[in-house]
file upload.tsv (TSV, N, CA and C atoms)
chain	number	residue	atom	x	y	z
W	1	MET	N	-11.42	-12.75	14.94
W	1	MET	CA	-12.78	-12.88	14.46
W	1	MET	C	-12.86	-12.22	13.10
W	2	GLY	N	-13.19	-12.94	12.05
W	2	GLY	CA	-13.29	-12.39	10.70
W	2	GLY	C	-14.66	-11.79	10.45
W	3	LEU	N	-14.70	-10.71	9.71
W	3	LEU	CA	-15.96	-10.08	9.36
W	3	LEU	C	-16.23	-10.32	7.89
W	4	THR	N	-17.48	-10.61	7.58
W	4	THR	CA	-17.81	-10.85	6.18
W	4	THR	C	-18.52	-9.68	5.54
W	5	HIS	N	-18.96	-8.72	6.33
W	5	HIS	CA	-19.68	-7.58	5.77
W	5	HIS	C	-19.22	-6.31	6.46
W	6	MET	N	-18.93	-5.30	5.68
W	6	MET	CA	-18.58	-3.99	6.25
W	6	MET	C	-19.60	-2.98	5.76
W	7	ALA	N	-20.01	-2.10	6.66
W	7	ALA	CA	-20.95	-1.06	6.27
W	7	ALA	C	-20.29	-0.05	5.33
W	8	ILE	N	-18.96	0.08	5.43
W	8	ILE	CA	-18.26	1.00	4.54
W	8	ILE	C	-17.31	0.20	3.66
W	9	ASN	N	-17.55	0.22	2.36
W	9	ASN	CA	-16.61	-0.45	1.47
W	9	ASN	C	-16.33	0.35	0.22
W	10	GLN	N	-16.94	1.51	0.11
W	10	GLN	CA	-16.67	2.37	-1.03
W	10	GLN	C	-16.70	3.82	-0.58
W	11	CYS	N	-15.97	4.65	-1.28
W	11	CYS	CA	-16.03	6.08	-1.02
W	11	CYS	C	-16.01	6.80	-2.34
W	12	VAL	N	-16.42	8.04	-2.33
W	12	VAL	CA	-16.41	8.82	-3.55
W	12	VAL	C	-15.00	9.34	-3.78
W	13	LYS	N	-14.47	9.10	-4.97
W	13	LYS	CA	-13.15	9.59	-5.36
W	13	LYS	C	-13.37	10.34	-6.67
W	14	GLY	N	-13.42	11.66	-6.57
W	14	GLY	CA	-13.82	12.44	-7.74
W	14	GLY	C	-15.28	12.15	-7.99
W	15	ASN	N	-15.62	11.72	-9.19
W	15	ASN	CA	-16.98	11.34	-9.51
W	15	ASN	C	-17.17	9.83	-9.51
W	16	ALA	N	-16.07	9.08	-9.31
W	16	ALA	CA	-16.15	7.62	-9.36
W	16	ALA	C	-16.10	7.04	-7.95
W	17	MET	N	-16.62	5.85	-7.81
W	17	MET	CA	-16.56	5.16	-6.54
W	17	MET	C	-15.28	4.34	-6.49
W	18	ALA	N	-14.57	4.39	-5.37
W	18	ALA	CA	-13.34	3.63	-5.20
W	18	ALA	C	-13.54	2.64	-4.06
W	19	THR	N	-13.17	1.39	-4.27
W	19	THR	CA	-13.30	0.39	-3.22
W	19	THR	C	-12.20	0.58	-2.19
W	20	ILE	N	-12.58	0.67	-0.95
W	20	ILE	CA	-11.62	0.85	0.14
W	20	ILE	C	-11.25	-0.51	0.72
W	21	ILE	N	-12.24	-1.32	1.04
W	21	ILE	CA	-11.99	-2.63	1.63
W	21	ILE	C	-11.62	-3.59	0.50
W	22	LYS	N	-10.36	-3.98	0.47
W	22	LYS	CA	-9.89	-4.86	-0.59
W	22	LYS	C	-9.80	-6.31	-0.12
W	23	ASP	N	-9.94	-6.53	1.17
W	23	ASP	CA	-9.92	-7.87	1.76
W	23	ASP	C	-10.93	-7.87	2.90
W	24	GLN	N	-12.00	-8.63	2.77
W	24	GLN	CA	-13.08	-8.65	3.77
W	24	GLN	C	-12.70	-9.44	5.03
W	25	ASN	N	-11.56	-10.10	5.02
W	25	ASN	CA	-11.13	-10.92	6.17
W	25	ASN	C	-10.46	-10.04	7.22
W	26	LEU	N	-11.25	-9.27	7.95
W	26	LEU	CA	-10.73	-8.40	9.00
W	26	LEU	C	-10.61	-9.18	10.31
W	27	VAL	N	-9.54	-8.90	11.05
W	27	VAL	CA	-9.27	-9.59	12.30
W	27	VAL	C	-9.08	-8.54	13.40
W	28	ARG	N	-9.73	-8.73	14.53
W	28	ARG	CA	-9.54	-7.82	15.65
W	28	ARG	C	-8.15	-8.07	16.23
W	29	VAL	N	-7.39	-7.00	16.46
W	29	VAL	CA	-6.04	-7.14	17.01
W	29	VAL	C	-5.90	-6.32	18.28
W	30	GLY	N	-5.13	-6.85	19.22
W	30	GLY	CA	-4.86	-6.12	20.44
W	30	GLY	C	-6.07	-5.96	21.32
W	31	LYS	N	-5.86	-5.16	22.35
W	31	LYS	CA	-6.93	-4.87	23.31
W	31	LYS	C	-7.76	-3.69	22.80
W	32	PRO	N	-8.97	-3.54	23.33
W	32	PRO	CA	-9.76	-2.36	22.95
W	32	PRO	C	-9.00	-1.08	23.29
W	33	VAL	N	-9.14	-0.06	22.44
W	33	VAL	CA	-8.46	1.21	22.66
W	33	VAL	C	-9.49	2.30	22.89
W	34	MET	N	-9.04	3.35	23.57
W	34	MET	CA	-9.93	4.47	23.87
W	34	MET	C	-9.16	5.76	23.58
W	35	PRO	N	-9.81	6.72	22.94
W	35	PRO	CA	-9.12	7.99	22.69
W	35	PRO	C	-8.72	8.67	24.00
W	36	ASP	N	-7.55	9.32	23.98
W	36	ASP	CA	-7.13	10.06	25.17
W	36	ASP	C	-7.79	11.44	25.15
W	37	SER	N	-7.40	12.32	26.07
W	37	SER	CA	-8.05	13.63	26.19
W	37	SER	C	-7.86	14.49	24.95
W	38	ARG	N	-6.85	14.17	24.13
W	38	ARG	CA	-6.61	14.92	22.89
W	38	ARG	C	-7.15	14.18	21.67
W	39	LYS	N	-8.00	13.18	21.91
W	39	LYS	CA	-8.66	12.37	20.87
W	39	LYS	C	-7.68	11.56	20.03
W	40	ARG	N	-6.57	11.14	20.64
W	40	ARG	CA	-5.59	10.29	19.97
W	40	ARG	C	-5.82	8.84	20.38
W	41	VAL	N	-5.63	7.95	19.41
W	41	VAL	CA	-5.76	6.52	19.66
W	41	VAL	C	-4.42	5.87	19.35
W	42	VAL	N	-3.92	5.06	20.30
W	42	VAL	CA	-2.66	4.35	20.08
W	42	VAL	C	-2.99	3.00	19.44
W	43	LEU	N	-2.38	2.75	18.29
W	43	LEU	CA	-2.62	1.50	17.55
W	43	LEU	C	-1.63	0.43	18.00
W	44	PRO	N	-2.05	-0.84	17.94
W	44	PRO	CA	-1.13	-1.93	18.29
W	44	PRO	C	0.07	-1.94	17.35
W	45	LYS	N	1.26	-2.21	17.91
W	45	LYS	CA	2.49	-2.24	17.12
W	45	LYS	C	2.42	-3.24	15.98
W	46	THR	N	1.63	-4.29	16.13
W	46	THR	CA	1.57	-5.34	15.11
W	46	THR	C	0.93	-4.88	13.81
W	47	VAL	N	0.18	-3.78	13.83
W	47	VAL	CA	-0.50	-3.33	12.61
W	47	VAL	C	0.11	-2.08	11.99
W	48	VAL	N	1.01	-1.41	12.71
W	48	VAL	CA	1.59	-0.17	12.21
W	48	VAL	C	2.93	-0.47	11.57
W	49	GLN	N	3.10	0.04	10.33
W	49	GLN	CA	4.35	-0.15	9.61
W	49	GLN	C	5.11	1.17	9.54
W	50	GLU	N	6.42	1.08	9.63
W	50	GLU	CA	7.28	2.27	9.54
W	50	GLU	C	7.16	2.89	8.15
W	51	GLY	N	7.08	4.21	8.09
W	51	GLY	CA	7.08	4.92	6.83
W	51	GLY	C	5.76	4.93	6.08
W	52	ILE	N	4.71	4.41	6.67
W	52	ILE	CA	3.40	4.35	6.02
W	52	ILE	C	2.50	5.43	6.61
W	53	THR	N	1.79	6.12	5.73
W	53	THR	CA	0.78	7.06	6.20
W	53	THR	C	-0.59	6.44	5.91
W	54	TYR	N	-1.62	6.97	6.53
W	54	TYR	CA	-2.95	6.37	6.41
W	54	TYR	C	-3.98	7.41	6.02
W	55	PHE	N	-4.85	7.04	5.06
W	55	PHE	CA	-6.07	7.80	4.83
W	55	PHE	C	-7.07	7.27	5.86
W	56	VAL	N	-7.86	8.17	6.44
W	56	VAL	CA	-8.83	7.79	7.46
W	56	VAL	C	-10.23	7.97	6.88
W	57	TYR	N	-11.03	6.91	6.97
W	57	TYR	CA	-12.42	6.94	6.50
W	57	TYR	C	-13.32	6.59	7.67
W	58	HIS	N	-14.51	7.14	7.68
W	58	HIS	CA	-15.50	6.75	8.69
W	58	HIS	C	-16.88	6.76	8.05
W	59	ASN	N	-17.79	6.04	8.71
W	59	ASN	CA	-19.14	5.99	8.18
W	59	ASN	C	-20.13	6.49	9.24
W	60	SER	N	-21.40	6.48	8.91
W	60	SER	CA	-22.42	7.00	9.81
W	60	SER	C	-22.58	6.16	11.08
W	61	LEU	N	-22.05	4.93	11.08
W	61	LEU	CA	-22.12	4.07	12.26
W	61	LEU	C	-20.96	4.29	13.21
W	62	GLY	N	-20.03	5.17	12.83
W	62	GLY	CA	-18.88	5.44	13.68
W	62	GLY	C	-17.70	4.50	13.44
W	63	GLN	N	-17.81	3.61	12.46
W	63	GLN	CA	-16.70	2.72	12.15
W	63	GLN	C	-15.60	3.51	11.46
W	64	ILE	N	-14.36	3.19	11.78
W	64	ILE	CA	-13.21	3.89	11.23
W	64	ILE	C	-12.34	2.89	10.47
W	65	ILE	N	-11.94	3.28	9.28
W	65	ILE	CA	-11.06	2.45	8.45
W	65	ILE	C	-9.78	3.24	8.19
W	66	LEU	N	-8.63	2.62	8.42
W	66	LEU	CA	-7.34	3.21	8.07
W	66	LEU	C	-6.85	2.51	6.82
W	67	ASP	N	-6.57	3.26	5.77
W	67	ASP	CA	-6.12	2.69	4.50
W	67	ASP	C	-4.65	3.09	4.30
W	68	PRO	N	-3.72	2.14	4.42
W	68	PRO	CA	-2.30	2.48	4.31
W	68	PRO	C	-1.93	2.99	2.93
W	69	GLN	N	-1.08	3.99	2.90
W	69	GLN	CA	-0.62	4.61	1.66
W	69	GLN	C	0.91	4.66	1.69
W	70	ALA	N	1.51	4.49	0.55
W	70	ALA	CA	2.96	4.62	0.43
W	70	ALA	C	3.26	5.75	-0.54
W	71	SER	N	4.26	6.53	-0.22
W	71	SER	CA	4.67	7.63	-1.09
W	71	SER	C	5.83	7.18	-1.96
W	72	ILE	N	5.91	7.74	-3.14
W	72	ILE	CA	7.06	7.49	-4.00
W	72	ILE	C	7.73	8.83	-4.26
W	73	PRO	N	9.04	8.82	-4.46
W	73	PRO	CA	9.72	10.08	-4.77
W	73	PRO	C	9.19	10.68	-6.07
W	74	ALA	N	9.09	11.98	-6.13
W	74	ALA	CA	8.60	12.67	-7.32
W	74	ALA	C	9.45	12.32	-8.54
W	75	SER	N	10.74	12.06	-8.31
W	75	SER	CA	11.63	11.73	-9.43
W	75	SER	C	11.29	10.38	-10.06
W	76	GLU	N	10.50	9.55	-9.36
W	76	GLU	CA	10.10	8.23	-9.88
W	76	GLU	C	8.66	8.21	-10.38
W	77	LEU	N	7.95	9.31	-10.24
W	77	LEU	CA	6.55	9.39	-10.64
W	77	LEU	C	6.35	9.13	-12.13
W	78	TRP	N	7.32	9.51	-12.94
W	78	TRP	CA	7.21	9.35	-14.40
W	78	TRP	C	6.99	7.89	-14.78
W	79	VAL	N	7.53	6.96	-14.00
W	79	VAL	CA	7.36	5.54	-14.30
W	79	VAL	C	5.88	5.17	-14.23
W	80	PHE	N	5.18	5.66	-13.22
W	80	PHE	CA	3.78	5.31	-13.01
W	80	PHE	C	2.85	6.09	-13.94
W	81	GLU	N	3.34	7.20	-14.48
W	81	GLU	CA	2.54	7.98	-15.42
W	81	GLU	C	2.72	7.50	-16.87
W	82	ASN	N	3.72	6.68	-17.13
W	82	ASN	CA	3.99	6.19	-18.48
W	82	ASN	C	3.60	4.72	-18.55
W	83	LYS	N	2.44	4.44	-19.15
W	83	LYS	CA	1.91	3.07	-19.19
W	83	LYS	C	2.84	2.11	-19.93
W	84	ASP	N	3.54	2.58	-20.96
W	84	ASP	CA	4.46	1.71	-21.71
W	84	ASP	C	5.64	1.29	-20.84
W	85	ILE	N	6.21	2.23	-20.11
W	85	ILE	CA	7.34	1.92	-19.23
W	85	ILE	C	6.89	0.97	-18.13
W	86	LEU	N	5.75	1.26	-17.52
W	86	LEU	CA	5.25	0.41	-16.45
W	86	LEU	C	4.96	-1.00	-16.95
W	87	ALA	N	4.39	-1.12	-18.15
W	87	ALA	CA	4.12	-2.44	-18.73
W	87	ALA	C	5.43	-3.18	-19.00
W	88	SER	N	6.45	-2.46	-19.45
W	88	SER	CA	7.75	-3.08	-19.71
W	88	SER	C	8.38	-3.59	-18.42
W	89	ILE	N	8.28	-2.83	-17.36
W	89	ILE	CA	8.80	-3.26	-16.05
W	89	ILE	C	8.03	-4.48	-15.57
W	90	ASP	N	6.71	-4.45	-15.68
W	90	ASP	CA	5.89	-5.60	-15.27
W	90	ASP	C	6.26	-6.85	-16.07
W	91	ARG	N	6.45	-6.67	-17.37
W	91	ARG	CA	6.83	-7.80	-18.23
W	91	ARG	C	8.18	-8.38	-17.79
W	92	GLY	N	9.14	-7.50	-17.51
W	92	GLY	CA	10.45	-7.95	-17.05
W	92	GLY	C	10.38	-8.68	-15.72
W	93	MET	N	9.53	-8.20	-14.82
W	93	MET	CA	9.37	-8.86	-13.52
W	93	MET	C	8.74	-10.24	-13.69
W	94	ARG	N	7.74	-10.36	-14.57
W	94	ARG	CA	7.12	-11.66	-14.84
W	94	ARG	C	8.13	-12.63	-15.45
W	95	GLU	N	8.93	-12.13	-16.40
W	95	GLU	CA	9.95	-12.98	-17.02
W	95	GLU	C	10.96	-13.46	-15.98
W	96	SER	N	11.35	-12.57	-15.09
W	96	SER	CA	12.30	-12.94	-14.04
W	96	SER	C	11.70	-13.99	-13.11
W	97	LEU	N	10.44	-13.80	-12.73
W	97	LEU	CA	9.77	-14.77	-11.86
W	97	LEU	C	9.65	-16.14	-12.51
W	98	ASN	N	9.53	-16.15	-13.84
W	98	ASN	CA	9.40	-17.41	-14.58
W	98	ASN	C	10.75	-17.99	-15.00
W	99	GLY	N	11.84	-17.39	-14.51
W	99	GLY	CA	13.17	-17.92	-14.80
W	99	GLY	C	13.69	-17.58	-16.18
W	100	LYS	N	13.05	-16.65	-16.86
W	100	LYS	CA	13.48	-16.27	-18.21
W	100	LYS	C	14.50	-15.13	-18.14
W	101	THR	N	15.66	-15.45	-17.56
W	101	THR	CA	16.72	-14.45	-17.41
W	101	THR	C	18.00	-14.96	-18.04
W	102	ILE	N	18.90	-14.06	-18.29
W	102	ILE	CA	20.22	-14.40	-18.83
W	102	ILE	C	21.25	-13.94	-17.83
W	103	ASN	N	22.13	-14.84	-17.41
W	103	ASN	CA	23.18	-14.49	-16.47
W	103	ASN	C	24.30	-13.79	-17.23
W	104	ARG	N	24.49	-12.51	-16.95
W	104	ARG	CA	25.54	-11.72	-17.60
W	104	ARG	C	26.78	-11.61	-16.72
W	105	GLY	N	26.80	-12.37	-15.61
W	105	GLY	CA	27.96	-12.32	-14.72
W	105	GLY	C	27.91	-11.10	-13.82
W	106	SER	N	29.02	-10.86	-13.14
W	106	SER	CA	29.11	-9.76	-12.20
W	106	SER	C	29.44	-8.45	-12.90
W	107	PHE	N	28.85	-7.38	-12.44
W	107	PHE	CA	29.16	-6.05	-12.95
W	107	PHE	C	30.00	-5.26	-11.94
W	108	ALA	N	30.53	-5.96	-10.94
W	108	ALA	CA	31.29	-5.31	-9.86
W	108	ALA	C	32.49	-4.54	-10.40
W	109	LYS	N	33.10	-5.00	-11.46
W	109	LYS	CA	34.28	-4.32	-11.99
W	109	LYS	C	33.95	-2.92	-12.54
W	110	HIS	N	32.66	-2.64	-12.80
W	110	HIS	CA	32.26	-1.35	-13.36
W	110	HIS	C	31.82	-0.35	-12.29
W	111	VAL	N	31.90	-0.71	-11.03
W	111	VAL	CA	31.41	0.17	-9.96
W	111	VAL	C	32.11	1.52	-9.98
W	112	ASN	N	33.38	1.55	-10.22
W	112	ASN	CA	34.13	2.82	-10.20
W	112	ASN	C	34.13	3.54	-11.53
W	113	ASP	N	33.45	2.99	-12.54
W	113	ASP	CA	33.43	3.60	-13.87
W	113	ASP	C	32.41	4.74	-14.00
W	114	ALA	N	31.55	4.90	-13.01
W	114	ALA	CA	30.51	5.92	-13.11
W	114	ALA	C	31.13	7.31	-13.16
W	115	PRO	N	30.51	8.22	-13.93
W	115	PRO	CA	31.05	9.59	-14.06
W	115	PRO	C	30.98	10.38	-12.76

call {"tool": "encode", "arguments": {"input": "upload.tsv", "output": "structure tokens"}}
result
Amino acid sequence: MGLTHMAINQCVKGNAMATIIKDQNLVRVGKPVMPDSRKRVVLPKTVVQEGITYFVYHNSLGQIILDPQASIPASELWVFENKDILASIDRGMRESLNGKTINRGSFAKHVNDAP
């Protein structure tokens, strides 16, 4: 059953509003769940992904939204903090998707050349 309206679709992030619901096409999955004595809820396996953590949001109506988050290694954070590098990577990905690549052959012979 798809929902077209959610009571919660924004939250305060700093002083700005951030949209939480990015796709209004919500579908009920699995059987109804009930918290256990320790207030834990078991989620259906079909919606839980390995290695993903969730921000939890709720509204005054008691609705709960889980927003999946992915972590990146701190050593790779510089890519996302440098707009020029990120734009260059995006440009390269677009070029690759559009077939604008050059075949340089195999680099297998250089595998053992690393310091």

call {"tool": "atom_distance", "arguments": {"input": "upload.tsv", "atom1": "atom CA of Ile21 of chain W", "atom2": "atom CA of Ile65 of chain W"}}
result
8.6 Å

call {"tool": "atom_distance", "arguments": {"input": "upload.tsv", "atom1": "atom CA of Ala70 of chain W", "atom2": "atom N of Val56 of chain W"}}
result
12.9 Å

call {"tool": "residues_near_point", "arguments": {"input": "upload.tsv", "point": "(-3.3, 8.7, 6.9)", "cutoff": "8 Å", "atoms": "only C-alpha atoms", "output": "number ranges by chain"}}
result
W: 53-56, 66-69

call {"tool": "write_last_selection", "arguments": {"input": "upload.tsv", "atoms": "N, CA and C atoms", "output": "mmCIF file, in the coordinates of the input"}}
result
data_model
loop_
_atom_site.group_PDB
_atom_site.id
_atom_site.type_symbol
_atom_site.label_atom_id
_atom_site.label_comp_id
_atom_site.auth_asym_id
_atom_site.auth_seq_id
_atom_site.Cartn_x
_atom_site.Cartn_y
_atom_site.Cartn_z
ATOM 1 N N THR W 53 1.790 6.120 5.730
ATOM 2 C CA THR W 53 0.780 7.060 6.200
ATOM 3 C C THR W 53 -0.590 6.440 5.910
ATOM 4 N N TYR W 54 -1.620 6.970 6.530
ATOM 5 C CA TYR W 54 -2.950 6.370 6.410
ATOM 6 C C TYR W 54 -3.980 7.410 6.020
ATOM 7 N N PHE W 55 -4.850 7.040 5.060
ATOM 8 C CA PHE W 55 -6.070 7.800 4.830
ATOM 9 C C PHE W 55 -7.070 7.270 5.860
ATOM 10 N N VAL W 56 -7.860 8.170 6.440
ATOM 11 C CA VAL W 56 -8.830 7.790 7.460
ATOM 12 C C VAL W 56 -10.230 7.970 6.880
ATOM 13 N N LEU W 66 -8.630 2.620 8.420
ATOM 14 C CA LEU W 66 -7.340 3.210 8.070
ATOM 15 C C LEU W 66 -6.850 2.510 6.820
ATOM 16 N N ASP W 67 -6.570 3.260 5.770
ATOM 17 C CA ASP W 67 -6.120 2.690 4.500
ATOM 18 C C ASP W 67 -4.650 3.090 4.300
ATOM 19 N N PRO W 68 -3.720 2.140 4.420
ATOM 20 C CA PRO W 68 -2.300 2.480 4.310
ATOM 21 C C PRO W 68 -1.930 2.990 2.930
ATOM 22 N N GLN W 69 -1.080 3.990 2.900
ATOM 23 C CA GLN W 69 -0.620 4.610 1.660
ATOM 24 C C GLN W 69 0.910 4.660 1.690
#

call {"tool": "select_by_dssp", "arguments": {"input": "upload.tsv", "residues": "segment 27-101 of chain W", "states": "helix (DSSP H, G or I)", "output": "list in words"}}
result
Ala74, Ser75, Glu76, Leu77, Trp78, Val79, Phe80, Glu81, Lys83, Asp84, Ile85, Leu86, Ala87, Ser88, Ile89, Asp90, Arg91, Gly92, Met93, Arg94, Glu95, Ser96 and Leu97 of chain W

call {"tool": "write_last_selection", "arguments": {"input": "upload.tsv", "atoms": "N, CA and C atoms", "output": "mmCIF file, keeping the file's coordinate frame"}}
result
data_model
loop_
_atom_site.group_PDB
_atom_site.id
_atom_site.type_symbol
_atom_site.label_atom_id
_atom_site.label_comp_id
_atom_site.auth_asym_id
_atom_site.auth_seq_id
_atom_site.Cartn_x
_atom_site.Cartn_y
_atom_site.Cartn_z
ATOM 1 N N ALA W 74 9.090 11.980 -6.130
ATOM 2 C CA ALA W 74 8.600 12.670 -7.320
ATOM 3 C C ALA W 74 9.450 12.320 -8.540
ATOM 4 N N SER W 75 10.740 12.060 -8.310
ATOM 5 C CA SER W 75 11.630 11.730 -9.430
ATOM 6 C C SER W 75 11.290 10.380 -10.060
ATOM 7 N N GLU W 76 10.500 9.550 -9.360
ATOM 8 C CA GLU W 76 10.100 8.230 -9.880
ATOM 9 C C GLU W 76 8.660 8.210 -10.380
ATOM 10 N N LEU W 77 7.950 9.310 -10.240
ATOM 11 C CA LEU W 77 6.550 9.390 -10.640
ATOM 12 C C LEU W 77 6.350 9.130 -12.130
ATOM 13 N N TRP W 78 7.320 9.510 -12.940
ATOM 14 C CA TRP W 78 7.210 9.350 -14.400
ATOM 15 C C TRP W 78 6.990 7.890 -14.780
ATOM 16 N N VAL W 79 7.530 6.960 -14.000
ATOM 17 C CA VAL W 79 7.360 5.540 -14.300
ATOM 18 C C VAL W 79 5.880 5.170 -14.230
ATOM 19 N N PHE W 80 5.180 5.660 -13.220
ATOM 20 C CA PHE W 80 3.780 5.310 -13.010
ATOM 21 C C PHE W 80 2.850 6.090 -13.940
ATOM 22 N N GLU W 81 3.340 7.200 -14.480
ATOM 23 C CA GLU W 81 2.540 7.980 -15.420
ATOM 24 C C GLU W 81 2.720 7.500 -16.870
ATOM 25 N N LYS W 83 2.440 4.440 -19.150
ATOM 26 C CA LYS W 83 1.910 3.070 -19.190
ATOM 27 C C LYS W 83 2.840 2.110 -19.930
ATOM 28 N N ASP W 84 3.540 2.580 -20.960
ATOM 29 C CA ASP W 84 4.460 1.710 -21.710
ATOM 30 C C ASP W 84 5.640 1.290 -20.840
ATOM 31 N N ILE W 85 6.210 2.230 -20.110
ATOM 32 C CA ILE W 85 7.340 1.920 -19.230
ATOM 33 C C ILE W 85 6.890 0.970 -18.130
ATOM 34 N N LEU W 86 5.750 1.260 -17.520
ATOM 35 C CA LEU W 86 5.250 0.410 -16.450
ATOM 36 C C LEU W 86 4.960 -1.000 -16.950
ATOM 37 N N ALA W 87 4.390 -1.120 -18.150
ATOM 38 C CA ALA W 87 4.120 -2.440 -18.730
ATOM 39 C C ALA W 87 5.430 -3.180 -19.000
ATOM 40 N N SER W 88 6.450 -2.460 -19.450
ATOM 41 C CA SER W 88 7.750 -3.080 -19.710
ATOM 42 C C SER W 88 8.380 -3.590 -18.420
ATOM 43 N N ILE W 89 8.280 -2.830 -17.360
ATOM 44 C CA ILE W 89 8.800 -3.260 -16.050
ATOM 45 C C ILE W 89 8.030 -4.480 -15.570
ATOM 46 N N ASP W 90 6.710 -4.450 -15.680
ATOM 47 C CA ASP W 90 5.890 -5.600 -15.270
ATOM 48 C C ASP W 90 6.260 -6.850 -16.070
ATOM 49 N N ARG W 91 6.450 -6.670 -17.370
ATOM 50 C CA ARG W 91 6.830 -7.800 -18.230
ATOM 51 C C ARG W 91 8.180 -8.380 -17.790
ATOM 52 N N GLY W 92 9.140 -7.500 -17.510
ATOM 53 C CA GLY W 92 10.450 -7.950 -17.050
ATOM 54 C C GLY W 92 10.380 -8.680 -15.720
ATOM 55 N N MET W 93 9.530 -8.200 -14.820
ATOM 56 C CA MET W 93 9.370 -8.860 -13.520
ATOM 57 C C MET W 93 8.740 -10.240 -13.690
ATOM 58 N N ARG W 94 7.740 -10.360 -14.570
ATOM 59 C CA ARG W 94 7.120 -11.660 -14.840
ATOM 60 C C ARG W 94 8.130 -12.630 -15.450
ATOM 61 N N GLU W 95 8.930 -12.130 -16.400
ATOM 62 C CA GLU W 95 9.950 -12.980 -17.020
ATOM 63 C C GLU W 95 10.960 -13.460 -15.980
ATOM 64 N N SER W 96 11.350 -12.570 -15.090
ATOM 65 C CA SER W 96 12.300 -12.940 -14.040
ATOM 66 C C SER W 96 11.700 -13.990 -13.110
ATOM 67 N N LEU W 97 10.440 -13.800 -12.730
ATOM 68 C CA LEU W 97 9.770 -14.770 -11.860
ATOM 69 C C LEU W 97 9.650 -16.140 -12.510
#

call {"tool": "atom_distance", "arguments": {"input": "upload.tsv", "atom1": "atom N of Thr46 of chain W", "atom2": "atom N of Asn25 of chain W"}}
result
18.2 Å

call {"tool": "select_by_dssp", "arguments": {"input": "upload.tsv", "residues": "segment 50-88 of chain W", "states": "strand (DSSP E or B)", "output": "list of chain:residue names"}}
result
W:Thr53, W:Tyr54, W:Phe55, W:Val56, W:Tyr57, W:His58, W:Ile64, W:Ile65, W:Leu66, W:Asp67, W:Pro68, W:Gln69
